[in-house]
$ cat target-v1.txt   # compact mmCIF, C-alpha atoms
# COMPACT_ATOMS: atom_id res chain seq x y z
CA MET A 138 -25.26 6.17 -75.18
CA ASN A 139 -26.15 9.43 -76.74
CA LEU A 140 -26.99 12.21 -74.28
CA THR A 141 -29.00 15.14 -75.25
CA LYS A 142 -27.71 18.62 -74.58
CA GLU A 143 -30.18 19.05 -71.78
CA GLN A 144 -28.98 15.81 -70.15
CA LEU A 145 -25.37 16.91 -70.45
CA GLN A 146 -26.20 20.20 -68.74
CA LYS A 147 -28.00 18.35 -65.95
CA ALA A 148 -25.05 15.96 -65.51
CA ALA A 149 -22.58 18.84 -65.32
CA LEU A 150 -24.78 20.64 -62.80
CA GLY A 151 -25.10 17.43 -60.81
CA VAL A 152 -21.33 16.96 -60.66
CA VAL A 153 -20.87 20.53 -59.50
CA LEU A 154 -23.54 20.11 -56.82
CA VAL A 155 -21.95 16.87 -55.59
CA LEU A 156 -18.55 18.51 -55.38
CA VAL A 157 -19.97 21.44 -53.44
CA ALA A 158 -21.84 19.08 -51.12
CA LEU A 159 -18.70 17.02 -50.51
CA TYR A 160 -16.67 20.14 -49.79
CA ALA A 161 -19.29 21.37 -47.37
CA TYR A 162 -19.49 17.95 -45.75
CA PHE A 163 -15.79 17.67 -45.09
CA SER A 164 -15.03 21.26 -44.24
CA MET A 165 -18.14 22.20 -42.30
CA LEU A 166 -19.17 18.94 -40.68
CA LEU A 167 -16.31 16.44 -40.40
CA GLY A 168 -13.57 19.08 -40.12
CA PRO A 169 -14.85 20.82 -36.96
CA LEU A 170 -15.75 17.43 -35.52
CA GLY A 171 -12.16 16.23 -35.97
CA ALA A 172 -10.81 19.46 -34.52
CA ARG A 173 -13.04 19.09 -31.45
CA GLU A 174 -11.87 15.54 -30.94
CA LYS A 175 -8.24 16.58 -31.30
CA ARG A 176 -8.71 19.41 -28.80
CA ALA A 177 -10.39 17.12 -26.28
CA GLN A 178 -7.72 14.47 -26.66
CA LYS A 179 -4.95 17.04 -26.27
CA ALA A 180 -6.57 18.42 -23.12
CA MET A 181 -6.87 14.91 -21.68
CA ASP A 182 -3.26 14.11 -22.55
CA ALA A 183 -2.18 17.31 -20.83
CA LEU A 184 -4.19 16.50 -17.68
CA ALA A 185 -3.07 12.87 -17.38
CA PRO A 186 0.45 13.53 -16.00
CA LYS A 187 -0.84 16.31 -13.76
CA MET A 188 -3.44 13.97 -12.29
CA LYS A 189 -0.86 11.25 -11.83
CA GLU A 190 1.40 13.70 -10.01
CA ALA A 191 -1.49 14.92 -7.87
CA ASN A 192 -2.45 11.38 -6.90
CA THR A 193 1.18 10.57 -6.07
CA GLN A 194 1.42 13.70 -3.94
CA ILE A 195 -1.79 12.90 -2.05
CA THR A 196 -0.71 9.28 -1.45
CA ARG A 197 2.75 10.38 -0.29
CA THR A 198 1.30 12.93 2.12
CA ARG A 199 -1.09 10.33 3.55
CA SER A 200 1.73 7.86 4.06
CA ILE A 201 3.92 10.50 5.73
CA GLU A 202 1.01 11.36 7.99
CA ALA A 203 0.44 7.73 8.87
CA GLU A 204 4.07 6.78 9.37
CA ASP A 205 5.39 9.32 11.86
CA PRO A 206 7.35 7.10 14.26
CA PHE A 207 7.30 9.76 16.95
CA GLY A 208 3.72 10.92 16.39
CA ALA A 209 2.01 8.96 19.16
CA ALA A 210 4.56 9.70 21.87
CA ALA A 211 4.84 13.33 20.83
CA GLY A 212 1.05 13.67 20.75
CA ILE A 213 0.81 12.54 24.37
CA ALA A 214 3.65 14.85 25.31
CA ARG A 215 2.04 17.81 23.57
CA GLU A 216 -1.24 17.20 25.37
CA ALA A 217 0.60 17.12 28.65
CA MET A 218 2.53 20.27 27.71
CA ALA A 219 -0.68 22.09 26.84
CA THR A 220 -2.19 21.33 30.23
CA ARG A 221 0.89 21.34 32.49
CA ILE A 222 2.68 24.42 31.18
CA PRO A 223 0.73 27.51 32.19
CA ASP A 224 0.42 30.52 29.91
CA GLY A 225 2.42 33.58 30.76
CA ALA A 226 6.01 34.27 31.70
CA ALA A 227 7.80 31.42 33.45
CA ILE A 228 9.17 33.84 36.03
CA VAL A 229 5.62 34.27 37.31
CA TRP A 230 4.67 30.65 37.88
CA LEU A 231 7.82 28.50 37.86
CA PRO A 232 9.40 29.69 41.15
CA GLN A 233 6.13 29.01 42.92
CA ARG A 234 5.86 25.57 41.38
CA LEU A 235 9.45 24.76 42.33
CA SER A 236 8.90 26.00 45.86
CA GLU A 237 5.72 23.93 46.24
CA PHE A 238 7.41 20.87 44.77
CA PHE A 239 10.47 20.96 47.07
CA HIS A 240 8.28 21.80 50.09
CA SER A 241 6.20 18.71 49.30
CA GLN A 242 9.46 16.76 49.39
CA GLY A 243 10.28 18.12 52.84
CA ILE A 244 12.91 20.58 51.59
CA LYS A 245 12.30 24.08 52.88
CA LYS A 246 15.35 26.26 52.30
CA ILE A 247 15.14 26.76 48.60
CA THR A 248 15.74 29.73 46.35
CA SER A 249 15.37 29.74 42.60
CA LYS A 250 16.23 32.16 39.85
CA ALA A 251 15.95 32.31 36.10
CA GLU A 252 19.25 31.97 34.26
CA ALA A 253 18.34 32.30 30.60
CA GLU A 254 15.58 31.81 28.10
CA GLN A 255 15.98 31.09 24.42
CA ASP A 256 13.90 30.00 21.46
CA ASP A 257 13.84 26.31 20.73
CA LEU A 258 13.77 26.21 16.94
CA SER A 259 12.71 22.57 16.85
CA LEU A 260 9.64 23.22 18.99
CA PRO A 261 7.64 26.16 17.65
CA GLY A 262 5.57 27.91 20.28
CA TYR A 263 7.93 27.01 23.11
CA ARG A 264 11.07 28.45 24.64
CA LEU A 265 13.84 26.74 26.54
CA SER A 266 14.08 28.24 29.99
CA THR A 267 17.08 27.59 32.25
CA TRP A 268 16.80 27.88 36.02
CA GLN A 269 19.05 27.58 39.02
CA VAL A 270 17.83 26.19 42.32
CA ASN A 271 19.88 26.56 45.50
CA ILE A 272 19.09 24.42 48.51
CA ALA A 273 20.73 25.08 51.83
CA GLU A 274 21.13 22.46 54.53
CA VAL A 275 19.61 19.40 52.99
CA GLU A 276 20.26 15.76 53.79
CA PHE A 277 21.43 13.59 50.96
CA VAL A 278 18.57 11.10 50.90
CA PRO A 279 15.68 13.59 50.86
CA PHE A 280 17.55 15.59 48.26
CA ALA A 281 18.17 12.54 46.04
CA ALA A 282 14.53 11.51 46.50
CA ALA A 283 13.45 14.99 45.44
CA ILE A 284 15.66 14.75 42.35
CA ALA A 285 14.11 11.38 41.48
CA ALA A 286 10.60 12.75 41.97
CA MET A 287 11.42 15.80 39.89
CA GLU A 288 12.80 13.68 37.06
CA ASN A 289 9.68 11.52 37.16
CA GLN A 290 7.13 14.31 37.38
CA GLU A 291 8.73 16.95 35.19
CA GLY A 292 9.28 15.04 31.99
CA LEU A 293 10.40 18.14 30.12
CA ALA A 294 13.00 19.20 32.66
CA GLN A 295 16.63 18.21 32.10
CA ILE A 296 19.05 18.79 34.91
CA THR A 297 22.19 20.22 33.36
CA SER A 298 24.27 20.80 36.44
CA LEU A 299 24.25 19.46 39.99
CA ARG A 300 26.43 20.49 42.94
CA ILE A 301 26.47 18.91 46.37
CA GLU A 302 28.90 20.30 48.95
CA THR A 303 29.46 19.27 52.53
CA ASN A 304 28.16 21.87 54.94
CA ALA A 305 31.20 22.68 57.09
CA ALA A 306 29.07 24.16 59.86
CA ASN A 307 26.81 21.13 60.15
CA VAL A 308 28.22 17.91 58.71
CA GLN A 309 24.83 16.21 58.75
CA PHE A 310 23.71 18.46 55.92
CA GLN A 311 24.86 19.39 52.49
CA ASN A 312 24.37 22.48 50.44
CA ALA A 313 23.09 21.65 47.00
CA SER A 314 22.36 23.50 43.84
CA LEU A 315 21.09 22.41 40.50
CA LYS A 316 20.50 23.93 37.11
CA PHE A 317 17.85 22.62 34.81
CA SER A 318 16.28 23.56 31.53
CA THR A 319 12.63 23.13 30.73
CA LEU A 320 10.15 24.12 28.05
CA VAL A 321 7.84 27.06 28.60
CA LYS A 322 5.22 28.60 26.36
CA LYS A 323 6.16 31.67 24.36
CA MET B 268 -42.19 -21.58 -87.49
CA ALA B 269 -44.86 -19.21 -86.31
CA LEU B 270 -44.38 -15.57 -86.95
CA HIS B 271 -44.45 -13.45 -83.72
CA LEU B 272 -45.13 -9.79 -84.09
CA ASN B 273 -44.49 -7.39 -81.16
CA PHE B 274 -46.62 -4.35 -81.61
CA TYR B 275 -45.48 -2.90 -78.25
CA HIS B 276 -41.77 -2.73 -79.00
CA GLU B 277 -41.72 0.99 -79.17
CA ILE B 278 -43.49 1.34 -75.87
CA GLN B 279 -41.11 -1.14 -74.25
CA ARG B 280 -38.03 0.62 -75.63
CA GLU B 281 -39.24 3.88 -74.21
CA ALA B 282 -39.82 2.23 -70.83
CA GLN B 283 -36.31 0.77 -70.90
CA ALA B 284 -34.87 4.13 -71.89
CA ARG B 285 -36.65 5.76 -68.92
CA ALA B 286 -35.33 3.10 -66.58
CA ARG B 287 -31.76 3.66 -67.74
CA ASP B 288 -32.03 7.43 -67.50
CA PRO B 289 -28.51 8.49 -66.33
CA VAL B 290 -29.87 11.52 -64.49
CA LYS B 291 -32.19 9.35 -62.49
CA LEU B 292 -29.42 6.81 -61.80
CA ALA B 293 -27.04 9.59 -60.74
CA GLY B 294 -29.73 10.97 -58.44
CA LEU B 295 -30.17 7.55 -56.79
CA ALA B 296 -26.40 7.12 -56.40
CA GLY B 297 -26.14 10.63 -54.94
CA ALA B 298 -28.92 9.87 -52.48
CA ALA B 299 -27.21 6.64 -51.42
CA LEU B 300 -23.92 8.50 -50.98
CA ALA B 301 -25.63 11.20 -48.95
CA VAL B 302 -27.17 8.57 -46.65
CA LEU B 303 -23.76 6.92 -46.19
CA LEU B 304 -22.06 10.23 -45.47
CA LEU B 305 -24.75 11.23 -42.99
CA ALA B 306 -24.45 7.85 -41.27
CA TYR B 307 -20.67 8.30 -41.01
CA TYR B 308 -21.15 11.79 -39.66
CA GLY B 309 -23.51 10.43 -37.05
CA TYR B 310 -20.98 7.79 -36.03
CA ARG B 311 -18.17 10.35 -35.79
CA SER B 312 -20.38 12.72 -33.87
CA TYR B 313 -21.11 10.00 -31.33
CA ALA B 314 -17.42 9.08 -31.02
CA VAL B 315 -16.40 12.71 -30.50
CA SER B 316 -19.16 13.29 -27.97
CA ARG B 317 -17.87 10.28 -26.01
CA VAL B 318 -14.35 11.70 -26.01
CA GLU B 319 -15.72 15.06 -24.87
CA ALA B 320 -17.76 13.39 -22.15
CA LYS B 321 -14.61 11.63 -20.96
CA LEU B 322 -12.75 14.94 -21.00
CA ALA B 323 -15.52 16.54 -18.96
CA SER B 324 -15.27 13.79 -16.37
CA VAL B 325 -11.45 14.08 -16.31
CA GLN B 326 -11.73 17.85 -15.88
CA LYS B 327 -14.23 17.39 -13.07
CA GLU B 328 -11.83 14.98 -11.39
CA TRP B 329 -8.95 17.42 -11.89
CA LYS B 330 -11.06 20.21 -10.40
CA ARG B 331 -11.33 18.06 -7.29
CA LEU B 332 -7.70 16.90 -7.34
CA GLU B 333 -5.99 20.24 -7.95
CA PRO B 334 -6.92 21.85 -4.63
CA ALA B 335 -6.42 18.51 -2.88
CA GLN B 336 -2.90 18.36 -4.32
CA ALA B 337 -2.14 21.91 -3.20
CA GLU B 338 -3.49 21.06 0.23
CA ALA B 339 -1.43 17.86 0.34
CA LYS B 340 1.71 19.76 -0.64
CA LYS B 341 1.13 22.32 2.07
CA ARG B 342 0.31 19.56 4.57
CA GLU B 343 3.48 17.68 3.60
CA ALA B 344 5.61 20.70 4.42
CA GLU B 345 3.76 21.07 7.72
CA LEU B 346 4.20 17.36 8.43
CA PHE B 347 7.95 17.57 7.89
CA VAL B 348 8.15 20.43 10.38
CA LEU B 349 5.86 18.57 12.77
CA GLN B 350 7.86 15.33 12.47
CA LYS B 351 11.09 17.18 13.13
CA SER B 352 9.47 18.82 16.09
CA ASN B 353 8.05 15.46 17.29
CA LYS B 354 11.47 13.88 17.04
CA ALA B 355 13.06 16.73 18.98
CA LEU B 356 10.39 16.44 21.64
CA VAL B 357 10.64 12.65 21.95
CA ASP B 358 14.46 12.85 21.96
CA ARG B 359 14.22 15.39 24.72
CA LEU B 360 11.85 13.18 26.73
CA HIS B 361 13.53 9.83 26.18
CA GLY B 362 17.11 10.99 25.82
CA ARG B 363 17.28 12.66 29.20
CA LEU B 364 20.10 11.92 31.55
CA TYR B 365 18.65 10.97 34.92
CA PHE B 366 20.69 12.16 37.86
CA ALA B 367 18.77 10.26 40.56
CA PRO B 368 19.97 6.79 39.45
CA LEU B 369 23.46 8.24 39.07
CA LEU B 370 23.39 9.43 42.68
CA ASP B 371 22.11 5.97 43.62
CA LYS B 372 25.08 4.32 41.87
CA ILE B 373 27.55 6.65 43.54
CA ALA B 374 25.98 6.07 46.95
CA THR B 375 26.04 2.29 46.39
CA ALA B 376 29.71 2.34 45.39
CA THR B 377 30.79 4.44 48.36
CA PRO B 378 32.17 2.32 51.25
CA PRO B 379 31.94 3.50 54.89
CA THR B 380 35.61 4.45 54.87
CA VAL B 381 35.11 7.00 52.10
CA GLN B 382 33.53 10.39 52.65
CA ILE B 383 32.45 12.42 49.65
CA THR B 384 32.88 16.09 50.38
CA SER B 385 31.65 17.48 47.13
CA LEU B 386 30.05 16.34 43.95
CA ALA B 387 29.77 18.38 40.77
CA ALA B 388 27.92 16.95 37.79
CA ASP B 389 27.52 18.67 34.43
CA TYR B 390 25.43 17.76 31.42
CA ALA B 391 25.05 21.02 29.56
CA ASP B 392 25.34 19.65 26.05
CA PRO B 393 23.50 16.41 25.13
CA GLU B 394 26.02 15.84 22.34
CA LYS B 395 28.89 15.70 24.82
CA PRO B 396 29.43 13.19 27.62
CA ALA B 397 28.27 14.08 31.10
CA THR B 398 31.01 14.58 33.69
CA VAL B 399 30.86 14.12 37.43
CA LEU B 400 33.67 15.32 39.67
CA VAL B 401 33.62 13.49 42.98
CA SER B 402 35.89 14.92 45.70
CA GLY B 403 36.39 13.27 49.04
CA ILE B 404 38.53 11.58 51.64
CA ALA B 405 39.40 7.88 51.70
CA ALA B 406 40.61 6.22 54.87
CA GLY B 407 42.58 3.02 55.32
CA LEU B 408 45.88 1.53 56.31
CA GLN B 409 46.82 2.29 52.71
CA PRO B 410 44.60 5.29 51.99
CA ARG B 411 45.73 5.59 48.35
CA SER B 412 44.69 1.97 47.80
CA ALA B 413 41.36 2.69 49.48
CA ALA B 414 40.82 5.61 47.12
CA GLU B 415 41.79 3.42 44.16
CA ALA B 416 39.39 0.70 45.32
CA PHE B 417 36.65 3.33 45.50
CA ARG B 418 37.49 4.56 41.99
CA LEU B 419 37.26 1.01 40.59
CA ALA B 420 34.04 0.31 42.48
CA LEU B 421 32.57 3.56 41.19
CA GLU B 422 33.52 2.76 37.60
CA LYS B 423 32.12 -0.76 37.86
CA GLU B 424 28.89 0.40 39.43
CA VAL B 425 28.26 3.15 36.90
CA SER B 426 29.33 0.96 33.95
CA GLY B 427 26.25 -1.15 34.56
CA GLN B 428 24.16 1.77 33.35
CA TYR B 429 26.64 3.56 31.10
CA PRO B 430 28.76 0.99 29.26
CA LYS B 431 31.36 3.56 28.21
CA ALA B 432 31.73 5.18 31.63
CA THR B 433 35.24 5.88 32.86
CA ALA B 434 36.45 6.99 36.28
CA SER B 435 39.90 8.51 36.68
CA PHE B 436 41.76 10.58 39.22
CA ASP B 437 42.25 14.20 38.31
CA ALA B 438 45.92 15.05 37.77
CA ASN B 439 47.79 15.28 41.11
CA SER B 440 44.53 15.05 42.99
CA LEU B 441 45.32 11.93 45.01
CA GLU B 442 47.41 13.00 48.00
CA GLU B 443 47.76 11.73 51.54
CA ALA B 444 46.38 13.99 54.25
CA GLU B 445 47.96 14.64 57.61
CA GLU B 446 44.94 13.85 59.76
CA ASN B 447 44.07 10.29 60.82
CA ILE B 448 40.63 9.00 61.69
CA GLU B 449 39.35 6.38 64.07
CA TRP B 450 37.30 3.59 62.48
CA SER B 451 36.24 0.44 64.36
CA GLY B 452 38.86 1.06 66.99
CA GLU B 453 41.61 1.44 64.42
CA SER B 454 43.52 4.56 63.52
CA LEU B 455 43.46 4.95 59.75
CA HIS B 456 45.44 7.23 57.48
CA THR B 457 43.53 9.41 55.03
CA ALA B 458 44.00 10.57 51.49
CA ARG B 459 42.19 13.27 49.56
CA PHE B 460 41.07 12.52 46.02
CA LYS B 461 39.18 13.90 43.09
CA ILE B 462 37.66 11.35 40.74
CA ARG B 463 36.30 12.41 37.40
CA LEU B 464 33.51 10.25 36.02
CA THR B 465 32.83 10.55 32.32
CA LEU B 466 29.54 9.12 31.07
CA GLU B 467 29.68 8.52 27.37
CA GLY B 468 26.70 7.17 25.52
CA ARG B 469 23.22 7.26 26.83
CA PRO B 470 21.62 4.47 28.83
CA PRO B 471 18.59 2.77 27.23
CA ALA B 472 15.64 5.17 27.13
CA LYS B 473 13.27 4.86 30.07
CA GLU B 474 9.89 6.33 30.68
CA GLU B 475 10.62 6.98 34.31
CA ALA B 476 13.66 7.31 36.47
CA PRO B 477 14.28 4.53 38.98
CA PRO B 478 13.61 5.26 42.64
CA ALA B 479 16.00 7.42 44.61
CA PRO B 480 18.80 5.98 46.78
CA LYS B 481 17.58 4.37 49.98
CA LYS B 482 20.52 5.03 52.24
CA ALA B 483 22.92 7.89 52.73
CA LYS B 484 26.61 7.49 52.16
CA THR B 485 27.70 11.11 52.02
CA LYS B 486 27.77 13.15 55.10

$ encode --input "target-v1.txt" --output "structure tokens"
Amino acid sequence: MNLTKEQLQKAALGVVLVLVALYAYFSMLLGPLGAREKRAQKAMDALAPKMKEANTQITRTRSIEAEDPFGAAAGIAREAMATRIPDGAAIVWLPQRLSEFFHSQGIKKITSKAEAEQDDLSLPGYRLSTWQVNIAEVEFVPFAAAIAAMENQEGLAQITSLRIETNAANVQFQNASLKFSTLVKK
Amino acid sequence: MALHLNFYHEIQREAQARARDPVKLAGLAGAALAVLLLAYYGYRSYAVSRVEAKLASVQKEWKRLEPAQAEAKKREAELFVLQKSNKALVDRLHGRLYFAPLLDKIATATPPTVQITSLAADYADPEKPATVLVSGIAAGLQPRSAAEAFRLALEKEVSGQYPKATASFDANSLEEAEENIEWSGESLHTARFKIRLTLEGRPPAKEEAPPAPKKAKTK
């Protein structure tokens, strides 16, 4: 095949144009497309472990929330604490409550005093208050009944010390004293 | 053989030459290549847009999850504190030592010939056993034996509730007294004693304490 000079020039120009078009195609069209895909894939790969960790964290928190073995009992106790423990200093309301309680049990000669108060680190918002109650001239049975009633009604109170002494002046009666600790609001 | 003359051969040759024009053929091939490349670009564009759409959805999900994770982390820390607090509260409620049933047991174990003159119970530390010091006077023909019988009865009675309970005389606390008492027409010797009750281990948790003793034994 013999090509004329003009045809040869056209062919050369054609080859050059094709090469330019191919370069433009790969570098300006496919190149950025590939880079975008790579960027998107990299971003997804980076997010995948984070999302897995987040889902694990959320599931773990939900299971911890659902599996508190003491939650129900403590919830009831907290409700009772919120309503039964008045606001304000225990020294204002507790002696009166003690006096009313023992009077309702038929025990009249009672004195009470605060011994100590300290933070209870395991129960935020509450303090552990220790009190001493002295009862003069009390018969054993009413006193024991009062102790039983107190232990039933005051679920947060723990008697830490109990003394019962014979009353030398009147053997029918005893002198009693008790110390107990209870929770009060801060 | 007939002679066949083709007077159009020149015209036909020119037509063939035009059809085989390399420039024209190259143009056609170039156009075909361009169509193929454009089609491939379209396919790649679609594939990349799908990846980007997926990324957008993942990012949207992450935007929702990230604060939820931070919240869950914070909540987890709060839950640990709350659970610890709940446990402390429930332990306090259910792990209490009830003194009323203890007084009931002591009253039940006390025979008429024993008088308790003082009782001192301490339970200051829940980690340590509770102690009860019972002081009194026992009467009998053999007052020391009467006191010993009371000690054993006390230990047996309390062991029903506290399996590891022990009752023992304080050192040198059991001594005969000079005074005698009259009981059922009999003159009985007396002995003073101090019995220390140690209550190890907690009884099974109860919601409520049992009722108080029904009859008095101490006077």

$ interface_residues --input "target-v1.txt" --of "chain A" --to "chain B" --cutoff "7 Å" --atoms "only C-alpha atoms" --output "number ranges by chain"
A: 148, 167, 170, 174, 177, 181, 188, 191, 194-195, 198, 202, 205, 207-208, 210-211, 259-260, 277-278, 281-282, 284-285, 288-289, 292-293, 295, 297-303, 308-310

$ atom_distance --input "target-v1.txt" --atom1 "atom CA of Asp437 of chain B" --atom2 "atom CA of His456 of chain B"
20.6 Å

$ residues_around --input "target-v1.txt" --residues "Ile404 of chain B" --least-positions-apart "2" --cutoff "7 Å" --atoms "all atoms listed in the file" --output "ChimeraX atom specification"
/B:381-383,406,457-460

$ residues_around --input "target-v1.txt" --residues "Met287 of chain A" --least-positions-apart "6" --cutoff "9 Å" --atoms "only C-alpha atoms" --output "list of chain:residue names"
A:Phe238, A:Phe239, A:Ala294

$ atom_distance --input "target-v1.txt" --atom1 "atom CA of Glu143 of chain A" --atom2 "atom CA of Gln283 of chain B"
19.3 Å

$ residues_near_point --input "target-v1.txt" --point "(16.5, 29.0, 40.9)" --cutoff "6 Å" --atoms "all atoms listed in the file" --output "MDAnalysis selection string"
chainID A and resid 248:251 268:270

$ atom_distance --input "target-v1.txt" --atom1 "atom CA of Val229 of chain A" --atom2 "atom CA of Leu320 of chain A"
14.5 Å
